[in-house]
$ cat model.cif   # mmCIF, C-alpha atoms and all ligand atoms
data_upload
#
loop_
_atom_site.label_atom_id
_atom_site.label_comp_id
_atom_site.auth_asym_id
_atom_site.auth_seq_id
_atom_site.Cartn_x
_atom_site.Cartn_y
_atom_site.Cartn_z
CA ARG A 13 0.00 0.00 0.00
CA THR A 14 1.12 3.54 -0.72
CA VAL A 15 0.43 5.97 2.11
CA TYR A 16 0.86 9.72 2.57
CA LEU A 17 3.09 11.25 5.27
CA ASN A 18 3.94 14.95 5.45
CA GLY A 19 4.13 15.68 1.73
CA GLU A 20 5.44 12.29 0.59
CA TYR A 21 3.89 9.18 -0.92
CA LEU A 22 5.65 6.16 0.59
CA PRO A 23 5.32 2.39 0.85
CA GLU A 24 3.56 1.82 4.18
CA GLU A 25 6.63 0.14 5.76
CA GLU A 26 8.66 3.30 5.17
CA ALA A 27 6.18 5.75 6.69
CA LYS A 28 7.57 6.41 10.18
CA VAL A 29 6.56 8.99 12.79
CA SER A 30 8.70 10.28 15.67
CA ILE A 31 8.32 8.81 19.18
CA PHE A 32 8.05 12.46 20.30
CA ASP A 33 4.98 13.11 18.17
CA ARG A 34 2.19 14.56 20.30
CA GLY A 35 -0.31 12.30 18.58
CA PHE A 36 1.59 9.34 20.04
CA VAL A 37 2.45 10.77 23.47
CA MET A 38 -0.63 12.90 24.25
CA GLY A 39 -3.38 11.67 21.94
CA ASP A 40 -3.09 15.20 20.55
CA ALA A 41 -4.50 14.58 17.09
CA VAL A 42 -7.72 14.79 15.10
CA TYR A 43 -8.93 12.58 12.30
CA GLU A 44 -11.51 11.94 9.61
CA VAL A 45 -12.72 8.77 7.89
CA THR A 46 -14.20 9.17 4.43
CA SER A 47 -15.76 6.49 2.24
CA VAL A 48 -14.87 5.84 -1.38
CA LEU A 49 -17.36 4.09 -3.67
CA GLU A 50 -16.34 3.16 -7.22
CA GLY A 51 -13.26 5.35 -6.89
CA LYS A 52 -15.23 8.46 -5.89
CA ILE A 53 -15.06 10.28 -2.55
CA LEU A 54 -18.26 10.67 -0.54
CA GLU A 55 -18.96 13.77 1.54
CA PHE A 56 -15.56 15.33 0.80
CA GLU A 57 -16.53 18.92 1.66
CA GLY A 58 -18.29 17.89 4.88
CA HIS A 59 -15.30 15.99 6.22
CA LEU A 60 -12.90 18.83 5.36
CA ALA A 61 -15.15 21.37 7.06
CA ARG A 62 -15.31 19.26 10.22
CA LEU A 63 -11.54 18.73 10.17
CA ALA A 64 -11.00 22.49 10.00
CA ARG A 65 -13.41 22.96 12.91
CA SER A 66 -11.75 20.24 15.04
CA MET A 67 -8.33 21.81 14.40
CA ALA A 68 -9.59 25.33 15.19
CA GLU A 69 -11.22 24.19 18.46
CA LEU A 70 -7.86 22.72 19.54
CA GLN A 71 -5.82 25.67 18.22
CA MET A 72 -4.01 23.40 15.80
CA THR A 73 -2.39 25.14 12.84
CA GLY A 74 -0.99 23.97 9.50
CA ASN A 75 -4.20 22.82 7.82
CA LEU A 76 -3.92 22.23 4.06
CA SER A 77 -6.08 23.84 1.39
CA ARG A 78 -9.08 22.08 -0.15
CA GLU A 79 -7.11 21.60 -3.38
CA GLU A 80 -4.16 20.05 -1.52
CA TRP A 81 -6.43 17.66 0.38
CA LEU A 82 -8.27 16.71 -2.80
CA GLU A 83 -5.01 16.03 -4.62
CA ILE A 84 -3.79 13.74 -1.81
CA HIS A 85 -7.10 11.85 -1.77
CA ARG A 86 -7.05 11.41 -5.53
CA GLN A 87 -3.39 10.34 -5.57
CA LEU A 88 -4.01 7.70 -2.90
CA ILE A 89 -7.07 6.36 -4.72
CA ALA A 90 -5.11 6.14 -7.98
CA ARG A 91 -1.84 4.77 -6.54
CA ASN A 92 -3.72 2.06 -4.60
CA ASN A 93 -6.33 1.31 -7.28
CA LEU A 94 -8.95 1.91 -4.61
CA VAL A 95 -12.46 1.08 -5.80
CA ASP A 96 -14.52 0.70 -2.61
CA GLY A 97 -13.14 1.48 0.82
CA MET A 98 -12.11 4.23 3.17
CA ILE A 99 -9.53 6.95 3.48
CA TYR A 100 -8.19 7.57 6.97
CA LEU A 101 -6.80 11.05 7.58
CA GLN A 102 -5.03 12.15 10.75
CA VAL A 103 -3.47 15.46 11.76
CA SER A 104 -1.46 15.57 14.98
CA ARG A 105 0.15 18.58 16.62
CA GLY A 106 3.49 17.22 15.50
CA ASN A 107 6.88 16.52 17.01
CA ALA A 108 7.31 18.71 20.06
CA GLY A 109 10.58 17.24 21.38
CA ASP A 110 10.60 16.09 25.00
CA ARG A 111 7.23 15.48 26.60
CA ASP A 112 5.53 18.67 27.75
CA PHE A 113 1.89 19.38 28.55
CA HIS A 114 2.14 22.80 26.91
CA PHE A 115 1.57 23.09 23.19
CA PRO A 116 4.77 23.40 21.14
CA PRO A 117 5.76 26.82 19.77
CA ALA A 118 3.65 28.33 17.00
CA GLY A 119 4.82 27.17 13.61
CA THR A 120 5.64 23.60 14.70
CA PRO A 121 4.43 21.65 11.66
CA PRO A 122 1.63 19.13 12.22
CA THR A 123 2.10 15.47 11.31
CA ILE A 124 -0.25 14.60 8.47
CA VAL A 125 -0.98 10.95 7.68
CA LEU A 126 -3.45 9.48 5.19
CA TYR A 127 -3.97 5.91 4.09
CA THR A 128 -6.54 3.89 2.19
CA GLN A 129 -8.37 0.78 3.34
CA SER A 130 -9.86 -1.39 0.62
CA LYS A 131 -13.36 -2.76 1.40
CA PRO A 132 -14.71 -4.38 -1.74
CA GLY A 133 -18.53 -4.22 -1.79
CA LEU A 134 -18.58 -1.69 1.07
CA ALA A 135 -22.10 -0.55 0.18
CA GLU A 136 -23.41 -4.12 0.14
CA ASP A 137 -22.56 -4.94 3.76
CA PRO A 138 -24.64 -8.07 4.62
CA LYS A 139 -25.22 -6.64 8.13
CA ALA A 140 -27.42 -3.97 6.55
CA LYS A 141 -29.80 -6.76 5.46
CA THR A 142 -30.08 -8.45 8.86
CA GLY A 143 -29.54 -5.43 11.10
CA ILE A 144 -27.30 -5.29 14.15
CA LYS A 145 -27.75 -5.64 17.91
CA VAL A 146 -26.62 -3.06 20.44
CA VAL A 147 -26.07 -2.88 24.19
CA SER A 148 -26.06 0.29 26.28
CA ILE A 149 -23.06 1.42 28.31
CA PRO A 150 -22.49 4.56 30.43
CA ASP A 151 -20.96 7.43 28.46
CA LEU A 152 -17.71 8.10 30.31
CA ARG A 153 -16.02 10.15 27.57
CA TRP A 154 -14.87 13.75 27.95
CA HIS A 155 -17.33 16.55 27.21
CA ARG A 156 -15.95 17.75 23.86
CA ARG A 157 -17.31 14.89 21.78
CA ASP A 158 -17.95 17.41 18.99
CA ILE A 159 -14.19 17.41 18.33
CA LYS A 160 -13.07 14.33 16.39
CA THR A 161 -9.93 13.43 18.35
CA VAL A 162 -8.03 10.15 18.21
CA GLN A 163 -8.73 9.61 21.93
CA LEU A 164 -10.69 6.45 21.21
CA LEU A 165 -9.81 4.28 24.19
CA TYR A 166 -13.28 4.40 25.75
CA PRO A 167 -15.07 3.71 22.45
CA SER A 168 -12.67 0.75 21.99
CA MET A 169 -13.59 -0.52 25.45
CA ALA A 170 -17.27 -0.09 24.59
CA LYS A 171 -16.88 -2.16 21.41
CA MET A 172 -15.06 -4.88 23.38
CA ALA A 173 -17.87 -4.88 25.98
CA ALA A 174 -20.47 -5.21 23.20
CA GLU A 175 -18.55 -8.08 21.66
CA ALA A 176 -18.19 -9.79 25.04
CA ALA A 177 -21.99 -9.56 25.37
CA GLY A 178 -22.37 -11.20 21.94
CA LYS A 179 -23.64 -7.98 20.30
CA HIS A 180 -22.32 -5.76 17.52
CA ASP A 181 -22.03 -2.32 19.05
CA ALA A 182 -22.61 -0.14 22.10
CA TRP A 183 -24.85 2.90 22.58
CA PHE A 184 -23.64 5.44 25.14
CA VAL A 185 -26.07 6.65 27.83
CA GLU A 186 -25.64 9.79 29.94
CA ASP A 187 -28.15 11.24 32.44
CA GLY A 188 -30.65 8.62 31.27
CA PHE A 189 -30.48 9.53 27.58
CA VAL A 190 -28.65 8.01 24.63
CA THR A 191 -25.88 10.32 23.45
CA GLU A 192 -24.62 8.37 20.41
CA GLY A 193 -23.10 5.04 19.40
CA SER A 194 -19.47 4.05 20.01
CA SER A 195 -18.59 5.34 16.52
CA ASN A 196 -21.87 6.55 15.05
CA ASN A 197 -24.96 8.73 15.50
CA THR A 198 -28.15 7.03 16.72
CA TYR A 199 -31.80 7.28 15.71
CA ILE A 200 -35.17 5.75 16.51
CA VAL A 201 -38.33 5.74 14.42
CA LYS A 202 -41.79 6.02 16.03
CA GLY A 203 -45.01 6.42 14.08
CA GLY A 204 -43.02 7.31 10.96
CA LYS A 205 -41.09 10.08 12.75
CA ILE A 206 -37.27 10.01 12.82
CA ILE A 207 -35.95 10.95 16.27
CA THR A 208 -32.28 11.78 16.85
CA ARG A 209 -30.40 13.76 19.46
CA GLU A 210 -29.82 17.43 18.65
CA LEU A 211 -26.28 18.71 18.01
CA SER A 212 -24.23 19.92 21.00
CA ASN A 213 -20.84 19.23 22.56
CA ASP A 214 -22.32 15.90 23.78
CA ILE A 215 -22.04 14.20 20.38
CA LEU A 216 -19.98 14.23 17.23
CA HIS A 217 -21.62 16.26 14.49
CA GLY A 218 -21.84 13.40 12.02
CA ILE A 219 -21.32 14.24 8.37
CA THR A 220 -23.58 11.33 7.42
CA ARG A 221 -26.18 12.59 9.93
CA ALA A 222 -26.28 16.06 8.36
CA SER A 223 -26.79 14.72 4.84
CA LEU A 224 -29.26 12.04 5.88
CA LEU A 225 -31.48 14.55 7.71
CA LYS A 226 -31.39 16.78 4.62
CA TYR A 227 -32.38 13.90 2.33
CA ALA A 228 -35.10 12.76 4.77
CA ALA A 229 -36.55 16.28 4.91
CA GLU A 230 -36.51 16.47 1.11
CA ALA A 231 -38.42 13.16 1.06
CA GLN A 232 -41.08 14.81 3.33
CA MET A 233 -40.21 12.57 6.28
CA GLU A 234 -40.84 13.95 9.74
CA ILE A 235 -37.77 14.60 11.93
CA GLU A 236 -37.53 15.47 15.62
CA GLU A 237 -34.14 16.41 17.09
CA ARG A 238 -34.20 15.54 20.79
CA PRO A 239 -32.65 13.03 23.18
CA PHE A 240 -34.31 9.63 23.71
CA THR A 241 -33.94 6.94 26.38
CA ILE A 242 -33.10 3.25 26.01
CA ALA A 243 -36.68 2.41 27.13
CA GLU A 244 -38.02 4.64 24.35
CA ALA A 245 -35.72 2.95 21.85
CA GLN A 246 -36.95 -0.45 23.01
CA ALA A 247 -40.55 0.69 22.44
CA ALA A 248 -39.75 2.24 19.04
CA ASP A 249 -40.82 0.84 15.67
CA GLU A 250 -37.24 0.88 14.38
CA ALA A 251 -33.75 2.08 15.16
CA PHE A 252 -30.61 2.70 13.15
CA PHE A 253 -27.27 4.48 13.23
CA THR A 254 -25.23 6.46 10.72
CA SER A 255 -21.50 6.83 10.08
CA ALA A 256 -19.25 7.52 7.12
CA SER A 257 -18.19 3.88 6.84
CA ALA A 258 -21.52 2.14 7.67
CA PHE A 259 -23.81 4.71 5.96
CA VAL A 260 -27.25 3.89 7.45
CA MET A 261 -27.15 0.72 9.56
CA PRO A 262 -30.42 -0.81 10.86
CA VAL A 263 -30.50 -1.77 14.56
CA VAL A 264 -32.84 -4.66 15.36
CA GLU A 265 -32.15 -5.20 19.08
CA VAL A 266 -31.50 -2.83 21.99
CA ASP A 267 -30.39 -4.34 25.33
CA GLY A 268 -31.97 -7.69 24.49
CA VAL A 269 -35.30 -6.28 23.24
CA ALA A 270 -36.08 -6.94 19.56
CA LEU A 271 -37.47 -4.11 17.43
CA ASN A 272 -39.79 -4.72 14.47
CA GLY A 273 -39.83 -8.44 15.32
CA GLY A 274 -36.04 -8.55 15.00
CA ALA A 275 -36.08 -7.64 11.30
CA VAL A 276 -34.87 -4.54 9.44
CA GLY A 277 -37.69 -1.99 9.28
CA PRO A 278 -38.94 -0.17 6.18
CA VAL A 279 -37.80 3.32 7.22
CA ALA A 280 -34.19 2.29 7.91
CA LYS A 281 -34.14 0.30 4.67
CA ARG A 282 -35.46 3.23 2.65
CA LEU A 283 -33.13 5.75 4.30
CA ARG A 284 -30.13 3.55 3.53
CA GLU A 285 -31.19 3.39 -0.12
CA ILE A 286 -31.77 7.14 -0.30
CA TYR A 287 -28.44 7.89 1.40
CA LEU A 288 -26.44 5.63 -0.90
CA GLU A 289 -28.18 6.92 -4.01
CA GLU A 290 -27.77 10.61 -3.12
CA GLY A 291 -24.30 10.04 -1.68
CA ARG A 292 -23.06 8.44 -4.88
CA LYS A 293 -24.59 11.28 -6.92
CA ALA A 294 -22.74 13.89 -4.84
CA ALA A 295 -19.44 11.95 -4.74
CA ILE A 296 -16.43 13.52 -6.45
N1 LIG A 301 -20.21 9.66 16.53
C1 LIG A 301 -19.00 9.16 16.81
C2 LIG A 301 -18.56 9.05 18.23
C3 LIG A 301 -18.15 8.74 15.76
O1 LIG A 301 -16.93 8.24 16.04
C4 LIG A 301 -18.61 8.85 14.43
C5 LIG A 301 -17.78 8.43 13.28
O2 LIG A 301 -16.66 8.02 13.41
C6 LIG A 301 -19.89 9.35 14.19
C7 LIG A 301 -20.66 9.77 15.27
C8 LIG A 301 -20.46 9.47 12.80
O3 LIG A 301 -19.87 10.56 12.10
P1 LIG A 301 -19.72 10.53 10.52
O4 LIG A 301 -21.09 10.34 9.96
O5 LIG A 301 -19.18 11.87 10.19
O6 LIG A 301 -18.79 9.41 10.19
#
$ encode --input "model.cif" --output "structure tokens"
Amino acid sequence: RTVYLNGEYLPEEEAKVSIFDRGFVMGDAVYEVTSVLEGKILEFEGHLARLARSMAELQMTGNLSREEWLEIHRQLIARNNLVDGMIYLQVSRGNAGDRDFHFPPAGTPPTIVLYTQSKPGLAEDPKAKTGIKVVSIPDLRWHRRDIKTVQLLYPSMAKMAAEAAGKHDAWFVEDGFVTEGSSNNTYIVKGGKIITRELSNDILHGITRASLLKYAAEAQMEIEERPFTIAEAQAADEAFFTSASAFVMPVVEVDGVALNGGAVGPVAKRLREIYLEEGRKAAI
């Protein structure tokens, strides 16, 4: 695989980052994951806008221009013959020398890493046909979940806990309400209405979420942005989650309670179709 590191395209074995890099020592880095379908990038502008916001919130400098980012994405797709898959992008605050809590001096260049992951048939994930099962877990993350940092230890623990329980994923709960999934935004459907938590610092502002809500509104579907409980999810007609890599994923069980008789519901199915169709149309 050919990867990108700080201005160079390298074989992956040759791409090395300093042991002093703040991404490594402090978890001081932000990232984006973007899907590629048939060689085209989905939601490019959305991911770049969120990256710029994450960097600004953390006072990170050295962002690239849209044209530079696009060129890197296109080069990696071409050099790796990527058809379906993902592009992982990470920007860390760079090599600061010896460990220090303070940010390094202004002008310290960030460390920029991108690589592709091939996932043939990404849009035809069989899990989307059967739906997935989730368990709830307390949300013990920090309170700036709107910033997409690489501090993913707790989400990793949540996914391990879900797997240990024989389920696919975990939904975080705080003050009695679902915040979001371990790596996705969460939704329930009741009486045809799509219910999802409103944007705040409590959740990541999903790029897939923003587009899906736009497409749903255009399709005259009713949307309510508010928090919901696990009990409400268990009494819902359907549930699903969204993320850049899973698109719209139906959820058929919440803490052991089956929804829609344990089968994928019509709203989640339709929204997945709409998202993939519109997403492909807007891909560049
Ligand atoms: N929420 C969390 C915690 C995530 O990690 C992610 C994606 O990685 C999402 C939501 C979904 O965001 P997006 O649709 O931009 O991938």
$ residues_near_ligand --input "model.cif" --ligand "ligand LIG 301 (chain A)" --cutoff "10 Å" --atoms "all atoms listed in the file" --output "VMD selection string"
chain A and resid 43 to 47 55 58 to 59 62 153 157 to 162 164 167 183 to 184 191 to 198 214 to 224 253 to 260
$ closest_residue --input "model.cif" --among "A:Leu60, A:Ala68, A:Leu17, A:Ala247" --to "Val125 in chain A" --atoms "all atoms listed in the file"
A:Leu17
$ residues_around --input "model.cif" --residues "Arg34 in chain A" --least-positions-apart "6" --cutoff "7 Å" --atoms "only C-alpha atoms" --output "PDB file with C-alpha atoms, in the coordinates of the input"
ATOM      1  CA  ASP A  40      -3.090  15.200  20.550  1.00  0.00           C
ATOM      2  CA  SER A 104      -1.460  15.570  14.980  1.00  0.00           C
ATOM      3  CA  ARG A 105       0.150  18.580  16.620  1.00  0.00           C
ATOM      4  CA  GLY A 106       3.490  17.220  15.500  1.00  0.00           C
ATOM      5  CA  ASN A 107       6.880  16.520  17.010  1.00  0.00           C
ATOM      6  CA  ALA A 108       7.310  18.710  20.060  1.00  0.00           C
TER       7      ALA A 108
END
$ atom_distance --input "model.cif" --atom1 "CA of Ala245 in chain A" --atom2 "CA of Ala177 in chain A"
18.9 Å
$ atom_distance --input "model.cif" --atom1 "CA of Leu63 in chain A" --atom2 "CA of Val42 in chain A"
7.4 Å
$ residues_near_point --input "model.cif" --point "(-5.5, 7.1, 20.8)" --cutoff "8 Å" --atoms "all atoms listed in the file" --output "ChimeraX atom specification"
/A:35-36,39,162-165
$ residues_around --input "model.cif" --residues "Val48 in chain A" --least-positions-apart "4" --cutoff "12 Å" --atoms "all atoms listed in the file" --output "mmCIF file with C-alpha atoms, keeping the file's coordinate frame"
data_model
loop_
_atom_site.group_PDB
_atom_site.id
_atom_site.type_symbol
_atom_site.label_atom_id
_atom_site.label_comp_id
_atom_site.auth_asym_id
_atom_site.auth_seq_id
_atom_site.Cartn_x
_atom_site.Cartn_y
_atom_site.Cartn_z
ATOM 1 C CA LYS A 52 -15.230 8.460 -5.890
ATOM 2 C CA ILE A 53 -15.060 10.280 -2.550
ATOM 3 C CA LEU A 54 -18.260 10.670 -0.540
ATOM 4 C CA GLU A 55 -18.960 13.770 1.540
ATOM 5 C CA PHE A 56 -15.560 15.330 0.800
ATOM 6 C CA HIS A 85 -7.100 11.850 -1.770
ATOM 7 C CA ARG A 86 -7.050 11.410 -5.530
ATOM 8 C CA LEU A 88 -4.010 7.700 -2.900
ATOM 9 C CA ILE A 89 -7.070 6.360 -4.720
ATOM 10 C CA ALA A 90 -5.110 6.140 -7.980
ATOM 11 C CA ASN A 93 -6.330 1.310 -7.280
ATOM 12 C CA LEU A 94 -8.950 1.910 -4.610
ATOM 13 C CA VAL A 95 -12.460 1.080 -5.800
ATOM 14 C CA ASP A 96 -14.520 0.700 -2.610
ATOM 15 C CA GLY A 97 -13.140 1.480 0.820
ATOM 16 C CA MET A 98 -12.110 4.230 3.170
ATOM 17 C CA ILE A 99 -9.530 6.950 3.480
ATOM 18 C CA TYR A 100 -8.190 7.570 6.970
ATOM 19 C CA THR A 128 -6.540 3.890 2.190
ATOM 20 C CA GLN A 129 -8.370 0.780 3.340
ATOM 21 C CA SER A 130 -9.860 -1.390 0.620
ATOM 22 C CA LYS A 131 -13.360 -2.760 1.400
ATOM 23 C CA PRO A 132 -14.710 -4.380 -1.740
ATOM 24 C CA GLY A 133 -18.530 -4.220 -1.790
ATOM 25 C CA LEU A 134 -18.580 -1.690 1.070
ATOM 26 C CA ALA A 135 -22.100 -0.550 0.180
ATOM 27 C CA ALA A 256 -19.250 7.520 7.120
ATOM 28 C CA SER A 257 -18.190 3.880 6.840
ATOM 29 C CA ALA A 258 -21.520 2.140 7.670
ATOM 30 C CA PHE A 259 -23.810 4.710 5.960
ATOM 31 C CA LEU A 288 -26.440 5.630 -0.900
ATOM 32 C CA GLY A 291 -24.300 10.040 -1.680
ATOM 33 C CA ARG A 292 -23.060 8.440 -4.880
ATOM 34 C CA ALA A 294 -22.740 13.890 -4.840
ATOM 35 C CA ALA A 295 -19.440 11.950 -4.740
ATOM 36 C CA ILE A 296 -16.430 13.520 -6.450
#
$ atom_distance --input "model.cif" --atom1 "CA of Ala173 in chain A" --atom2 "CA of Glu186 in chain A"
17.1 Å
